[in-house]
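S.K.: Here you go, my_file-v8.cif (mmCIF, C-alpha atoms and all ligand atoms):
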```
data_start
#
loop_
_atom_site.label_atom_id
_atom_site.label_comp_id
_atom_site.auth_asym_id
_atom_site.auth_seq_id
_atom_site.Cartn_x
_atom_site.Cartn_y
_atom_site.Cartn_z
CA MET A 1 0.00 0.00 0.00
CA GLY A 2 1.30 3.44 -0.90
CA GLU A 3 1.06 6.51 1.30
CA LYS A 4 -2.11 6.88 3.27
CA THR A 5 -4.30 9.53 1.68
CA ALA A 6 -8.02 9.38 2.38
CA LEU A 7 -9.86 8.95 -0.90
CA CYS A 8 -13.40 8.36 0.24
CA GLU A 9 -14.81 8.68 3.73
CA LEU A 10 -18.05 7.07 4.80
CA LYS A 11 -19.51 8.70 7.88
CA HIS A 12 -22.50 7.40 9.81
CA LEU A 13 -23.79 5.89 6.63
CA HIS A 14 -27.27 4.37 6.81
CA THR A 15 -29.25 2.85 3.96
CA ALA A 16 -32.78 1.77 4.82
CA PHE A 17 -35.21 -0.04 2.50
CA ARG A 18 -38.93 0.45 2.76
CA ILE A 19 -40.77 -2.77 3.39
CA LYS A 20 -44.52 -2.13 3.59
CA ASP A 21 -44.67 1.07 5.60
CA SER A 22 -41.49 0.82 7.63
CA TYR A 23 -37.86 1.38 6.82
CA TYR A 24 -35.17 -1.15 7.77
CA ASP A 25 -31.43 -0.48 7.79
CA ALA A 26 -29.46 -2.72 5.42
CA VAL A 27 -26.42 -0.54 6.07
CA ASP A 28 -26.31 0.59 9.66
CA ASP A 29 -23.99 3.35 10.78
CA VAL A 30 -20.97 2.51 8.70
CA ASP A 31 -17.87 4.63 9.32
CA LEU A 32 -15.06 3.76 6.99
CA THR A 33 -12.19 5.50 5.23
CA ILE A 34 -10.97 4.18 1.90
CA TYR A 35 -7.39 5.21 1.13
CA SER A 36 -5.96 5.89 -2.30
CA ASN A 37 -3.99 2.97 -3.73
CA GLU A 38 -5.28 0.42 -1.25
CA VAL A 39 -7.35 -2.67 -1.85
CA LEU A 40 -9.97 -2.70 0.87
CA ALA A 41 -11.93 -5.94 0.99
CA ILE A 42 -15.42 -6.10 2.40
CA VAL A 43 -16.37 -9.60 3.47
CA GLY A 44 -19.35 -11.26 5.07
CA GLU A 45 -22.03 -13.81 4.26
CA SER A 46 -24.76 -13.20 1.77
CA GLY A 47 -27.29 -10.69 3.05
CA CYS A 48 -24.89 -8.73 5.27
CA GLY A 49 -25.29 -5.49 3.30
CA LYS A 50 -22.14 -5.50 1.17
CA SER A 51 -23.84 -4.75 -2.15
CA THR A 52 -26.10 -2.17 -0.54
CA LEU A 53 -23.00 -0.40 0.75
CA ALA A 54 -21.52 -0.41 -2.77
CA THR A 55 -24.67 0.88 -4.45
CA THR A 56 -25.01 3.54 -1.77
CA ILE A 57 -21.52 4.88 -2.51
CA MET A 58 -22.44 4.84 -6.20
CA GLY A 59 -25.67 6.73 -5.55
CA LEU A 60 -27.77 4.05 -7.18
CA HIS A 61 -30.72 3.97 -4.79
CA ASN A 62 -34.22 5.04 -5.63
CA PRO A 63 -35.35 7.62 -3.05
CA ASN A 64 -38.93 6.41 -3.40
CA TYR A 65 -38.22 3.36 -1.32
CA THR A 66 -34.75 3.88 0.06
CA LYS A 67 -33.59 6.32 2.71
CA VAL A 68 -29.90 7.12 2.74
CA SER A 69 -28.33 9.25 5.44
CA GLY A 70 -24.83 10.11 6.60
CA GLU A 71 -21.99 11.15 4.33
CA VAL A 72 -19.92 9.81 1.49
CA GLN A 73 -17.05 12.28 1.26
CA PHE A 74 -15.27 12.07 -2.08
CA GLU A 75 -13.01 14.86 -3.34
CA ASN A 76 -14.08 17.34 -0.71
CA GLN A 77 -17.82 16.96 -1.08
CA ASN A 78 -20.56 14.78 0.30
CA ILE A 79 -21.62 13.07 -2.91
CA LEU A 80 -24.90 11.98 -1.35
CA ASN A 81 -25.99 15.60 -1.75
CA ILE A 82 -25.07 16.16 -5.40
CA SER A 83 -27.52 16.17 -8.30
CA GLU A 84 -28.12 13.14 -10.52
CA ASP A 85 -26.28 14.92 -13.35
CA GLU A 86 -23.23 15.45 -11.19
CA TYR A 87 -23.38 11.84 -9.99
CA ASN A 88 -23.44 10.67 -13.60
CA LYS A 89 -20.17 12.48 -14.18
CA ILE A 90 -18.53 10.70 -11.27
CA ARG A 91 -19.97 7.24 -11.93
CA GLY A 92 -17.99 5.53 -14.66
CA GLY A 93 -15.56 8.44 -14.52
CA LYS A 94 -13.75 9.01 -11.25
CA ILE A 95 -15.47 6.00 -9.70
CA GLY A 96 -15.46 2.81 -11.75
CA MET A 97 -17.68 -0.19 -11.09
CA ILE A 98 -17.28 -3.89 -11.68
CA PHE A 99 -20.29 -6.04 -10.88
CA GLN A 100 -20.82 -9.74 -10.46
CA ASP A 101 -22.59 -10.51 -13.69
CA PRO A 102 -20.67 -9.30 -16.72
CA LEU A 103 -23.48 -10.15 -19.11
CA SER A 104 -26.12 -7.95 -17.58
CA ALA A 105 -23.63 -5.10 -17.27
CA LEU A 106 -23.07 -5.02 -21.04
CA ASN A 107 -25.49 -3.89 -23.71
CA PRO A 108 -26.25 -6.99 -25.83
CA LEU A 109 -26.96 -4.91 -28.95
CA GLN A 110 -23.73 -2.94 -29.08
CA ARG A 111 -20.28 -3.88 -30.19
CA ILE A 112 -17.64 -4.05 -27.45
CA GLY A 113 -15.64 -1.18 -28.97
CA ASN A 114 -18.68 1.11 -28.92
CA GLN A 115 -19.39 0.30 -25.31
CA ILE A 116 -15.90 1.23 -24.22
CA GLU A 117 -15.95 4.37 -26.33
CA GLU A 118 -19.30 5.42 -24.92
CA ALA A 119 -17.66 5.91 -21.53
CA LEU A 120 -14.85 7.87 -23.19
CA ILE A 121 -17.33 10.11 -25.03
CA TYR A 122 -19.11 10.89 -21.81
CA HIS A 123 -16.14 11.40 -19.55
CA THR A 124 -13.26 12.60 -21.74
CA ASP A 125 -12.75 14.94 -24.68
CA LEU A 126 -10.81 12.50 -26.83
CA ASP A 127 -11.65 12.65 -30.54
CA SER A 128 -12.88 9.56 -32.33
CA ASP A 129 -9.48 8.32 -33.52
CA ASN A 130 -8.02 8.68 -30.07
CA ARG A 131 -11.04 6.99 -28.51
CA LYS A 132 -10.55 3.98 -30.72
CA GLU A 133 -6.86 3.90 -29.94
CA ARG A 134 -7.62 4.11 -26.21
CA ALA A 135 -10.28 1.39 -26.44
CA LEU A 136 -7.84 -0.99 -28.12
CA GLU A 137 -5.18 -0.10 -25.58
CA LEU A 138 -7.61 -0.86 -22.75
CA LEU A 139 -8.53 -4.23 -24.24
CA LYS A 140 -4.86 -5.06 -24.41
CA MET A 141 -4.31 -3.87 -20.87
CA VAL A 142 -6.92 -6.34 -19.56
CA GLY A 143 -5.09 -9.18 -21.26
CA ILE A 144 -7.12 -9.55 -24.44
CA GLU A 145 -4.75 -10.81 -27.09
CA ASN A 146 -6.66 -9.87 -30.22
CA PRO A 147 -8.13 -6.48 -29.35
CA GLN A 148 -8.95 -5.57 -32.96
CA ARG A 149 -11.28 -8.55 -33.25
CA ILE A 150 -12.91 -8.23 -29.83
CA TYR A 151 -13.45 -4.53 -30.52
CA ARG A 152 -15.88 -5.46 -33.29
CA GLN A 153 -17.68 -8.28 -31.47
CA PHE A 154 -20.92 -8.37 -29.49
CA PRO A 155 -21.12 -9.52 -25.85
CA HIS A 156 -22.75 -12.89 -26.66
CA GLN A 157 -19.76 -13.79 -28.81
CA LEU A 158 -17.46 -13.69 -25.78
CA SER A 159 -16.93 -16.12 -22.90
CA GLY A 160 -17.81 -15.05 -19.34
CA GLY A 161 -14.17 -14.43 -18.51
CA MET A 162 -13.66 -12.28 -21.62
CA ARG A 163 -16.81 -10.32 -20.83
CA GLN A 164 -15.53 -9.63 -17.32
CA ARG A 165 -12.26 -8.39 -18.84
CA VAL A 166 -14.28 -6.02 -21.00
CA ILE A 167 -16.19 -4.78 -17.93
CA ILE A 168 -12.88 -4.18 -16.19
CA ALA A 169 -11.63 -2.29 -19.28
CA ILE A 170 -14.74 -0.08 -19.16
CA ALA A 171 -14.41 0.46 -15.41
CA LEU A 172 -10.81 1.59 -15.89
CA SER A 173 -11.37 3.50 -19.12
CA CYS A 174 -11.50 6.94 -17.55
CA LYS A 175 -8.67 6.42 -15.07
CA PRO A 176 -10.86 6.21 -11.99
CA LYS A 177 -9.56 7.13 -8.56
CA LEU A 178 -11.83 4.59 -6.90
CA VAL A 179 -12.98 1.23 -8.24
CA ILE A 180 -15.78 -0.70 -6.60
CA ALA A 181 -15.80 -4.38 -7.50
CA ASP A 182 -18.78 -6.34 -6.17
CA GLU A 183 -18.09 -10.10 -6.31
CA PRO A 184 -16.15 -9.65 -9.57
CA THR A 185 -15.35 -13.32 -9.97
CA THR A 186 -18.30 -15.08 -8.35
CA ALA A 187 -20.14 -15.78 -11.61
CA LEU A 188 -17.07 -17.28 -13.29
CA ASP A 189 -15.56 -20.76 -13.46
CA VAL A 190 -12.90 -21.46 -10.87
CA THR A 191 -9.97 -21.37 -13.31
CA ILE A 192 -11.22 -18.15 -14.90
CA GLN A 193 -11.71 -16.65 -11.43
CA ALA A 194 -8.01 -17.08 -10.77
CA GLN A 195 -7.10 -15.39 -14.06
CA ILE A 196 -9.36 -12.41 -13.38
CA LEU A 197 -7.93 -12.05 -9.88
CA ASP A 198 -4.40 -12.12 -11.25
CA LEU A 199 -5.43 -9.47 -13.73
CA LEU A 200 -6.91 -7.25 -11.02
CA THR A 201 -3.86 -7.75 -8.83
CA ASN A 202 -1.52 -6.74 -11.66
CA LEU A 203 -3.68 -3.81 -12.74
CA GLN A 204 -3.87 -2.49 -9.20
CA GLU A 205 -0.20 -1.55 -9.39
CA GLU A 206 -0.63 0.10 -12.75
CA ILE A 207 -3.79 2.13 -12.25
CA LYS A 208 -3.04 3.48 -8.78
CA ALA A 209 -6.67 3.62 -7.71
CA GLY A 210 -8.25 2.70 -4.43
CA ILE A 211 -10.18 -0.55 -4.85
CA VAL A 212 -13.11 -1.69 -2.75
CA LEU A 213 -13.31 -5.41 -3.30
CA ILE A 214 -16.52 -7.03 -2.13
CA THR A 215 -16.40 -10.77 -1.78
CA HIS A 216 -17.53 -13.67 0.35
CA ASP A 217 -14.37 -15.52 -0.63
CA LEU A 218 -11.57 -15.22 1.90
CA GLY A 219 -9.10 -16.77 -0.52
CA VAL A 220 -9.63 -13.73 -2.73
CA VAL A 221 -9.08 -11.47 0.26
CA ALA A 222 -5.84 -13.19 1.21
CA GLN A 223 -4.56 -12.82 -2.34
CA MET A 224 -5.48 -9.21 -2.94
CA ALA A 225 -6.48 -7.11 0.03
CA ASP A 226 -4.39 -4.67 2.04
CA ARG A 227 -7.18 -4.17 4.58
CA VAL A 228 -10.36 -6.03 5.39
CA ALA A 229 -13.69 -4.86 6.75
CA VAL A 230 -15.93 -7.66 7.99
CA MET A 231 -19.65 -6.91 7.75
CA TYR A 232 -22.42 -8.57 9.68
CA ALA A 233 -26.10 -7.61 9.52
CA GLY A 234 -25.40 -4.16 8.08
CA GLN A 235 -22.58 -3.25 10.44
CA ILE A 236 -18.82 -3.39 10.27
CA VAL A 237 -17.84 -5.76 13.06
CA GLU A 238 -14.09 -5.85 12.46
CA LEU A 239 -11.57 -3.86 10.46
CA ALA A 240 -7.84 -4.49 10.23
CA LEU A 241 -4.90 -4.91 7.91
CA SER A 242 -5.33 -8.13 6.03
CA GLU A 243 -2.36 -9.94 7.60
CA GLU A 244 -3.47 -8.85 11.06
CA LEU A 245 -7.02 -10.03 10.47
CA PHE A 246 -5.93 -13.45 9.28
CA SER A 247 -3.40 -13.95 12.06
CA ASN A 248 -5.31 -12.33 14.87
CA PRO A 249 -9.07 -12.31 14.25
CA LEU A 250 -10.90 -10.92 17.27
CA HIS A 251 -14.62 -10.86 16.52
CA PRO A 252 -16.35 -14.22 16.94
CA TYR A 253 -17.96 -13.73 13.53
CA THR A 254 -14.60 -13.20 11.85
CA ARG A 255 -13.27 -16.24 13.65
CA SER A 256 -16.09 -18.40 12.39
CA LEU A 257 -15.67 -17.06 8.86
CA LEU A 258 -12.01 -18.01 8.96
CA ASN A 259 -12.84 -21.43 10.34
CA SER A 260 -15.21 -22.01 7.49
CA ILE A 261 -12.61 -21.45 4.76
CA PRO A 262 -12.87 -24.41 2.43
CA GLN A 263 -9.83 -26.54 1.77
CA MET A 264 -7.84 -25.73 -1.34
CA ASN A 265 -9.15 -27.60 -4.38
CA SER A 266 -12.61 -27.94 -2.94
CA GLU A 267 -15.05 -26.54 -5.42
CA ASP A 268 -18.16 -26.68 -3.34
CA GLY A 269 -16.88 -24.29 -0.70
CA LYS A 270 -17.93 -21.21 -2.62
CA ASP A 271 -20.40 -20.01 -0.05
CA LEU A 272 -19.81 -19.50 3.61
CA HIS A 273 -22.77 -21.40 4.93
CA VAL A 274 -20.94 -23.46 7.47
CA ILE A 275 -21.60 -21.17 10.38
CA GLU A 276 -24.59 -22.28 12.41
CA GLY A 277 -27.63 -20.09 11.97
CA MET A 278 -28.31 -17.38 9.45
CA VAL A 279 -27.84 -13.68 8.84
CA PRO A 280 -31.08 -12.13 10.18
CA SER A 281 -33.36 -10.58 7.58
CA LEU A 282 -33.88 -6.83 7.85
CA LYS A 283 -37.22 -7.21 9.59
CA ASN A 284 -35.79 -9.63 12.13
CA LEU A 285 -32.79 -7.70 13.35
CA PRO A 286 -32.50 -7.75 17.12
CA ARG A 287 -33.62 -4.43 18.54
CA LYS A 288 -30.72 -4.27 20.96
CA GLY A 289 -27.51 -6.05 21.80
CA CYS A 290 -24.91 -7.71 19.61
CA ARG A 291 -26.39 -8.85 16.29
CA PHE A 292 -24.25 -11.95 16.17
CA ALA A 293 -25.02 -13.05 19.74
CA SER A 294 -27.86 -15.38 18.81
CA ARG A 295 -25.44 -17.45 16.74
CA ILE A 296 -23.04 -18.03 19.61
CA PRO A 297 -23.99 -20.85 21.94
CA HIS A 298 -23.90 -20.02 25.68
CA ILE A 299 -23.26 -16.34 25.13
CA SER A 300 -23.48 -14.13 28.21
CA GLU A 301 -26.76 -12.34 28.85
CA SER A 302 -25.05 -8.95 28.53
CA SER A 303 -24.31 -9.53 24.84
CA HIS A 304 -28.03 -9.50 24.18
CA GLU A 305 -28.37 -6.26 26.14
CA LYS A 306 -25.41 -4.04 25.30
CA ASN A 307 -24.93 -2.45 21.88
CA PRO A 308 -21.27 -2.87 21.03
CA VAL A 309 -19.48 -0.04 19.21
CA LEU A 310 -16.60 -0.35 16.77
CA HIS A 311 -13.63 0.10 19.05
CA GLU A 312 -9.91 0.37 18.20
CA VAL A 313 -8.25 -2.33 20.27
CA LYS A 314 -4.81 -1.75 18.79
CA PRO A 315 -3.58 0.69 16.17
CA GLY A 316 -5.62 0.12 13.03
CA HIS A 317 -7.47 -2.92 14.39
CA PHE A 318 -11.13 -2.25 15.21
CA VAL A 319 -13.71 -4.64 16.62
CA ARG A 320 -17.39 -4.29 17.50
CA CYS A 321 -17.77 -6.70 20.38
CA THR A 322 -18.13 -6.24 24.10
CA CYS A 323 -16.67 -9.63 24.97
CA TRP A 324 -13.92 -10.28 22.47
CA LYS A 325 -11.43 -10.56 25.30
CA ASP A 326 -13.44 -13.32 26.97
CA PHE A 327 -13.49 -15.34 23.78
CA TYR A 328 -9.94 -14.67 22.96
CA PHE A 329 -8.46 -15.63 26.26
CA LYS A 330 -10.81 -18.52 26.92
CA GLU A 331 -9.77 -20.16 23.66
CA GLU A 332 -6.10 -19.38 24.15
CA ASP A 333 -6.20 -21.00 27.58
CA ASN A 334 -7.60 -24.26 26.30
N1 LIG A 401 -34.06 -3.37 -2.84
C1 LIG A 401 -34.19 -3.97 -1.66
N2 LIG A 401 -35.36 -3.90 -0.96
C2 LIG A 401 -35.49 -4.50 0.25
N3 LIG A 401 -34.50 -5.19 0.87
C3 LIG A 401 -33.34 -5.30 0.23
C4 LIG A 401 -33.10 -4.71 -1.07
N4 LIG A 401 -31.83 -4.98 -1.45
C5 LIG A 401 -31.28 -5.71 -0.45
N5 LIG A 401 -32.18 -5.91 0.54
C6 LIG A 401 -31.93 -6.60 1.83
O1 LIG A 401 -30.84 -5.92 2.44
C7 LIG A 401 -29.97 -6.87 3.09
C8 LIG A 401 -28.57 -6.72 2.54
O2 LIG A 401 -28.54 -7.16 1.18
P1 LIG A 401 -27.24 -7.04 0.27
O3 LIG A 401 -26.71 -5.66 0.36
O4 LIG A 401 -27.62 -7.52 -1.09
O5 LIG A 401 -26.24 -8.05 0.97
P2 LIG A 401 -24.93 -8.78 0.40
O6 LIG A 401 -24.46 -8.05 -0.80
O7 LIG A 401 -23.97 -8.74 1.55
O8 LIG A 401 -25.34 -10.18 0.10
C9 LIG A 401 -30.60 -8.23 2.87
O9 LIG A 401 -31.38 -8.53 4.01
C10 LIG A 401 -31.45 -8.03 1.65
O10 LIG A 401 -32.54 -8.93 1.65
MG MG A 402 -24.09 -8.79 -2.75
#
```
Please lay out the structure from this file as structure tokens.
M.R.:
Amino acid sequence: MGEKTALCELKHLHTAFRIKDSYYDAVDDVDLTIYSNEVLAIVGESGCGKSTLATTIMGLHNPNYTKVSGEVQFENQNILNISEDEYNKIRGGKIGMIFQDPLSALNPLQRIGNQIEEALIYHTDLDSDNRKERALELLKMVGIENPQRIYRQFPHQLSGGMRQRVIIAIALSCKPKLVIADEPTTALDVTIQAQILDLLTNLQEEIKAGIVLITHDLGVVAQMADRVAVMYAGQIVELALSEELFSNPLHPYTRSLLNSIPQMNSEDGKDLHVIEGMVPSLKNLPRKGCRFASRIPHISESSHEKNPVLHEVKPGHFVRCTCWKDFYFKEEDN
């Protein structure tokens, strides 16, 4: 990781969805700084609020049934307050996005070259020759060996892995400062996943952007992330440098995630469903106390009563748990 400059700061971020007549927080009081040039992974089981956090930063929520509050500070302004026009200039420009499903992110009726150039038309003042040159250069940069041919093809003519390379080319086309990648390899075959991860790892050094990498795959985190935020039921429950988190996990949820890492070569371990119990749905969140408590057998009564806050237990290592010490030392003693 390069020098530590704050690129994007999330402050007291809440995103609530309307279900019937009430609003429920899918993102609940998230405070998080993303630094330039770092890869910050966000991990957690399905339903923990990772994608909602990403789409909130991108300003993609419909105010008719979503309430967003707090701040997303990016380049000296709270982008939650800017107009849709201004957001459109940032999205796909200074902030690039890579989503899980490369097919639905591409327009089936347009040639690949056009789709890359569309972003360049909108966000740069390159003329048409230079746009084409840049598009071909981007295709090459994402490891496509015959850019001239792919430039003229349609999405359905490409494999899933190639399509994801194209999405990455589009995300990087305008030299973004921040890239948000939501499960970028989940929809791909295992071997292709590894290639795309290698590509992202190599590009990270070249593009010098901050990357938010959302994944439920801790193998991906270990390979790519500088820092890791663990999310549970809409909240960040632990945040630390990647090495620190893997060697010294403090929150019981993080510890169970790490224990559920599948063995190498196992293909069926894609989802982290090995932890007893389930992520509560929005309507069933406990009204008070630790949200993970119900999934820990024999937890002390106080965990159901006290609301833990995210607390820095050593420099750069934060945990939201009132009893992490009990767990930690009890297990160490055994
Ligand atoms: N548009 C929506 N309307 C209502 N609830 C939603 C909507 N999108 C997501 N949710 C709920 O918000 C929670 C977080 O979902 P999500 O952000 O997709 O989690 P993740 O990406 O970690 O799997 C889940 O309980 C999900 O059911
Ligand atoms: Mg998701």
S.K.: Residues at most 9 Å from ligand MG 402 (chain A), using all atoms listed in the file? Could they come as a PyMOL selection string?
M.R.: chain A and resi 45-52+54+100+182-183+214-216
S.K.: Which residue out of A:Lys11, A:Arg111, A:His123, A:Lys175 has the minimum interatomic distance to Gly70 in chain A when only C-alpha atoms are used?
M.R.: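 So, comparing all the options, the nearest one is A:Lys11.
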S.K.: Distance CA of Leu178 in chain A-CA of Glu38 in chain A, one decimal place?
M.R.: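 These atoms are spaced 9.6 Å apart.
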S.K.: In Å to one decimal, how far is CA of Asn62 in chain A from CA of Ser83 in chain A?
M.R.: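 One can read the CA of Ser83 in chain A to CA of Asn62 in chain A distance as 13.3 Å.
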S.K.: Identify which of the residues A:Ser281, A:Thr33, A:Gln73, A:Ser294 lies closest to ligand LIG 401 (chain A), counting all atoms listed in the file when measuring atom-to-atom distances.
M.R.: A:Ser281
S.K.: Between A:Val279, A:Ile98, A:Ile299, A:Val220, which is the closest to ligand LIG 401 (chain A) once you count all atoms listed in the file?
M.R.: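 Nearest to ligand LIG 401 (chain A): A:Val279.
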S.K.: Would you mind listing what lies within 9 Å of range 283-286 of chain A as a list in words, with all atoms listed in the file counted and same-chain residues fewer than 6 positions away left out?
M.R.: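 Once the nearby chain positions are removed, what remains is Ile19, Tyr24, Ala233 and His304 of chain A.
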S.K.: Atoms to include: C-alpha atoms. Write the selected residues as a compact mmCIF listing (two decimals), keeping the file's coordinate frame.
M.R.:
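selection.txt written:
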```
# COMPACT_ATOMS: atom_id res chain seq x y z
CA ILE A 19 -40.77 -2.77 3.39
CA TYR A 24 -35.17 -1.15 7.77
CA ALA A 233 -26.10 -7.61 9.52
CA HIS A 304 -28.03 -9.50 24.18
```
S.K.: With only C-alpha atoms and all ligand atoms as the basis for distance, which of A:Asp28, A:Glu84, A:Asp125, A:Asp226 is at the shortest distance from ligand LIG 401 (chain A)?
M.R.: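 Among the listed residues, A:Asp28 lies closest to ligand LIG 401 (chain A).
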S.K.: With only C-alpha atoms as the atoms that count, which of A:Val309, A:Ala222, A:Leu139, A:Ala41 lies nearest to Ile112 in chain A?
M.R.: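 Among A:Val309, A:Ala222, A:Leu139, A:Ala41, it is A:Leu139 that comes nearest to Ile112 in chain A.
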S.K.: Distance CA of His12 in chain A-CA of Arg320 in chain A, one decimal place?
M.R.: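 These two atoms are separated by 14.9 Å.
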S.K.: Do you know which residues are at most 9 Å from Leu258 in chain A counting only C-alpha atoms, after dropping those on the same chain fewer than 5 positions away, and could you put them as a PyMOL selection string?
M.R.: chain A and resi 218+246+249+253
S.K.: Hey, can you pull every residue with an atom no more than 8 Å from (-18.3, 3.6, 7.5), using only C-alpha atoms, and send it as JSON, numbers by chain?
M.R.: {"A": [9, 10, 11, 12, 13, 29, 30, 31, 32, 33, 236]}
S.K.: If we count all atoms listed in the file and set the cut-off at 10 Å, which residues sit around Gly160 in chain A, ignoring sequence neighbours fewer than 5 positions away in its own chain? Please answer as JSON, numbers by chain.
M.R.: {"A": [101, 102, 103, 155, 165, 166, 185, 187, 188, 189, 192]}
S.K.: From the options A:Val43, A:Leu7, A:Leu197, A:Leu60, which residue's atoms come nearest to Asp217 in chain A, counting all atoms listed in the file?
M.R.: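 Among the listed residues, A:Val43 lies closest to Asp217 in chain A.
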S.K.: If you count only C-alpha atoms, which residues fall within 7 Å of Leu241 in chain A, apart from same-chain ones fewer than 2 positions away, as a PDB file with C-alpha atoms, in the frame of the given file?
M.R.:
```pdb
ATOM      1  CA  ASP A 226      -4.390  -4.670   2.040  1.00  0.00           C
ATOM      2  CA  ARG A 227      -7.180  -4.170   4.580  1.00  0.00           C
ATOM      3  CA  VAL A 228     -10.360  -6.030   5.390  1.00  0.00           C
ATOM      4  CA  GLU A 243      -2.360  -9.940   7.600  1.00  0.00           C
ATOM      5  CA  GLU A 244      -3.470  -8.850  11.060  1.00  0.00           C
ATOM      6  CA  LEU A 245      -7.020 -10.030  10.470  1.00  0.00           C
TER       7      LEU A 245
END
```
